[in-house]
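K.L.:
Got a structure for you, written out below as structure tokens; questions coming shortly.
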Amino acid sequence: MKKILVLLFVAILVVTIGAGCTKTAAGETTEEAGETTEAAEETAAVEENPSGEIVFTHYWSSGSWKDSCDAFLAAFSEKYPDIKVTRNDVESESFKTQIGVMLAGDNSPDVFSYWGGARTQFFVDKGLCMDISGAWKTFNLDSQFAPTTKEAAATYNGKEYGVPLSMFPMYVYYNKEVFDQYGLAAPTTWDEFLSVCDTLKSNDVIPIALGTKDRWPAYVWFDAILVRTAGLDFREGLMVGEESYTDPKVLNAFTIWAELLEKGYFDSSHASLGYGEDLAKVASGEAGMVYNGTFAVGTLTVDLGMVAGETLDFFKLPAIDTSVNEAIPVSYDVIAASANAKNPESVKYFMEFAASVDAQKIFKEYIQCLSPNINLSEDMYSEFEKKEIAQMEGVSNFFPYDLATDPTVADEGLTALSNFLANPANIESILADLEAAARETFGE
């Protein structure tokens, strides 16, 4: 009989929208991708003592993420001692630009870490990813993941191209000691949220930590406000070019955000802060809150010393327009393989291990993520994490901005967000330029 939490986790995933996260395609499947699919469809036999070599390129290069990767690779080597893994650690932001060049070149890695959604779809459509449907069948990975998780994070164009390794819904995390000091409770309405911001600001505490030096953290607020005012259907249409960035609904979202900026609710030094530096301000009490994925919990607790449920707590960002259905952004880290992998036989064992309870427990323990694998024991989850899971029940979810739209458009969008934060008054011209860029990609 499955553990209670496993049943809860499956139930949560089943009730989410569509395939868990709405996934957008970046283009049509190429002939090369089709050829890769045909080659990988056959279910290969499992060797008793497989051997070979694998080059693994990843962005888990610092802090608790690096520790998790160290432990993951050590455990893989223990299970498959005759498969040699050469690792290539790349800083996260550099990885985003380098991996495409690597995959298209003559020395692509065999396997690599990536983000599920439109980014993976983009590589699949260009024929740069290996179809691992054969390995998926060989090792019966359907027994490891709920169908909705498989569809959201692993399946592209009807085939499997990756193994989901970690899962991150997004919440507002706050310093409980700061809230207690000023008699604050987790807000349940937008007005209460604004009141919390006012109280913190009046006591010289930065209400909302933010670090946009690397651009991407800005999208969380664009997503949050747009989905809570225009609705998820409009937002998903925008991601695939069916809606326009010059639509009044988009302008309204930015107008609300501009008002929050004008009131001084955000850290004024955000443009100079990288990821982790904003979280450090929450840990120290210099800032009260940060809106981020559950991946921030690992940094806040393991790296910055907060204690989940004691000094660190969280809440769902409240609704702005209560007539709009609730939705939560959810991202997945995945392991994918290059279509040009030099050692495809060894790759399937790497994928099998990445999907396993043993591997996913490692990432769960080191970075405090939620595991996509439905077979993890209830005992693996703290009360804090059970609360994170429970908050997803009955709520639609979606891929965050830069994982939901074509990477070219996402890059233009992140630049537009940076320009907005620097000059909120210029939003109409910024959105006009962004829409023009989107039309170049999506067409008229």
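As shown in the structure tokens, the chain order sets the letters A, B, ...; within each chain, residues go from 1, and ligands are also counted from 1 in the order they appear.
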Report as a ChimeraX atom specification all protein, DNA and RNA residues lying within 12 Å of A:Glu242, evaluated on only C-alpha atoms, omitting residues in the same chain fewer than 2 positions from it.
P.N.:
/A:24,233-240,244-245,247,405,435,438-439,441-444
K.L.:
What does the file look like for those residues with N, CA and C atoms, as a compact mmCIF listing (two decimals), in the first residue's frame?
P.N.:
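Saved file part_26.txt follows:
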# COMPACT_ATOMS: atom_id res chain seq x y z
N THR A 24 4.75 24.90 -24.07
CA THR A 24 4.66 25.55 -25.37
C THR A 24 5.74 25.03 -26.28
N ASP A 233 -5.26 31.53 -19.00
CA ASP A 233 -5.47 31.30 -20.43
C ASP A 233 -4.85 32.42 -21.26
N PHE A 234 -5.05 33.65 -20.82
CA PHE A 234 -4.44 34.78 -21.56
C PHE A 234 -2.92 34.67 -21.50
N ARG A 235 -2.41 34.39 -20.32
CA ARG A 235 -0.95 34.31 -20.16
C ARG A 235 -0.36 33.21 -21.04
N GLU A 236 -1.01 32.05 -21.12
CA GLU A 236 -0.50 30.98 -21.95
C GLU A 236 -0.59 31.33 -23.44
N GLY A 237 -1.63 32.06 -23.81
CA GLY A 237 -1.72 32.53 -25.19
C GLY A 237 -0.60 33.49 -25.52
N LEU A 238 -0.23 34.32 -24.57
CA LEU A 238 0.87 35.25 -24.77
C LEU A 238 2.18 34.50 -24.98
N MET A 239 2.36 33.40 -24.29
CA MET A 239 3.59 32.62 -24.37
C MET A 239 3.80 32.00 -25.75
N VAL A 240 2.73 31.74 -26.49
CA VAL A 240 2.86 31.11 -27.81
C VAL A 240 2.53 32.07 -28.94
N SER A 244 -1.02 39.49 -27.48
CA SER A 244 -0.03 40.53 -27.74
C SER A 244 0.48 41.19 -26.46
N TYR A 245 1.77 41.52 -26.47
CA TYR A 245 2.35 42.24 -25.35
C TYR A 245 1.83 43.68 -25.26
N ASP A 247 -1.36 44.32 -25.49
CA ASP A 247 -2.74 44.20 -25.00
C ASP A 247 -2.89 44.98 -23.69
N THR A 405 8.03 30.13 -22.90
CA THR A 405 7.97 30.71 -24.23
C THR A 405 9.26 30.43 -24.99
N GLU A 435 6.81 43.27 -28.31
CA GLU A 435 5.83 42.68 -29.21
C GLU A 435 6.39 42.54 -30.62
N ALA A 438 8.56 39.56 -30.62
CA ALA A 438 7.76 38.34 -30.57
C ALA A 438 7.17 38.02 -31.94
N ARG A 439 6.77 39.04 -32.67
CA ARG A 439 6.20 38.80 -34.01
C ARG A 439 7.24 38.22 -34.96
N THR A 441 9.45 36.11 -34.19
CA THR A 441 9.56 34.69 -33.89
C THR A 441 8.27 33.93 -34.21
N PHE A 442 7.15 34.46 -33.75
CA PHE A 442 5.88 33.75 -33.89
C PHE A 442 5.16 34.03 -35.21
N GLY A 443 5.53 35.10 -35.88
CA GLY A 443 4.83 35.48 -37.11
C GLY A 443 3.61 36.30 -36.78
N GLU A 444 2.97 36.81 -37.84
CA GLU A 444 1.79 37.66 -37.64
C GLU A 444 0.59 36.81 -37.25
K.L.:
Using only C-alpha atoms, what table do you get, as JSON lines, when you list each residue of stretch 191-296 of chain A with an atom no more than 9 Å from stretch 304-321 of chain A, its nearest pair of atoms, and their distance in Å rounded to one decimal, rows by chain then rising number?
P.N.:
{"residue": "A:Asp191", "atom": "CA", "partner": "A:Ile320", "partner_atom": "CA", "distance": 8.5}
{"residue": "A:Glu192", "atom": "CA", "partner": "A:Pro318", "partner_atom": "CA", "distance": 8.7}
{"residue": "A:Phe193", "atom": "CA", "partner": "A:Pro318", "partner_atom": "CA", "distance": 7.3}
{"residue": "A:Ala224", "atom": "CA", "partner": "A:Leu317", "partner_atom": "CA", "distance": 8.0}
{"residue": "A:Ile225", "atom": "CA", "partner": "A:Ile320", "partner_atom": "CA", "distance": 7.6}
{"residue": "A:Arg228", "atom": "CA", "partner": "A:Ile320", "partner_atom": "CA", "distance": 5.5}
{"residue": "A:Thr229", "atom": "CA", "partner": "A:Asp321", "partner_atom": "CA", "distance": 5.6}
{"residue": "A:Ala230", "atom": "CA", "partner": "A:Asp321", "partner_atom": "CA", "distance": 8.8}
{"residue": "A:Leu279", "atom": "CA", "partner": "A:Leu304", "partner_atom": "CA", "distance": 8.3}
{"residue": "A:Ala280", "atom": "CA", "partner": "A:Leu304", "partner_atom": "CA", "distance": 6.7}
{"residue": "A:Ala283", "atom": "CA", "partner": "A:Met306", "partner_atom": "CA", "distance": 6.3}
{"residue": "A:Ser284", "atom": "CA", "partner": "A:Leu304", "partner_atom": "CA", "distance": 8.7}
{"residue": "A:Met289", "atom": "CA", "partner": "A:Phe314", "partner_atom": "CA", "distance": 8.8}
{"residue": "A:Tyr291", "atom": "CA", "partner": "A:Leu317", "partner_atom": "CA", "distance": 8.1}
K.L.:
Just to confirm, what's the straight-line distance from atom CA of A:Val334 to atom CA of A:Ser418 in Å (one decimal)?
P.N.:
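Taking atom CA of A:Val334 as the start and atom CA of A:Ser418 as the end point, the length is 27.4 Å.
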K.L.:
Of the residues A:Ser166, A:Asn292, A:Thr212, A:Thr138, which is the one nearest to A:Ala271, using only C-alpha atoms?
P.N.:
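Between A:Ser166, A:Asn292, A:Thr212, A:Thr138, the residue approaching A:Ala271 most closely is A:Thr212.
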K.L.:
Closest to A:Phe266 among A:Glu177, A:Lys342, A:Val101, A:Leu421, using only C-alpha atoms?
P.N.:
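Among A:Glu177, A:Lys342, A:Val101, A:Leu421, it is A:Leu421 that comes nearest to A:Phe266.
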K.L.:
Between atom CA of A:Ile208 and atom CA of A:Val290, measure the distance and give it in Å to one decimal.
P.N.:
5.4 Å
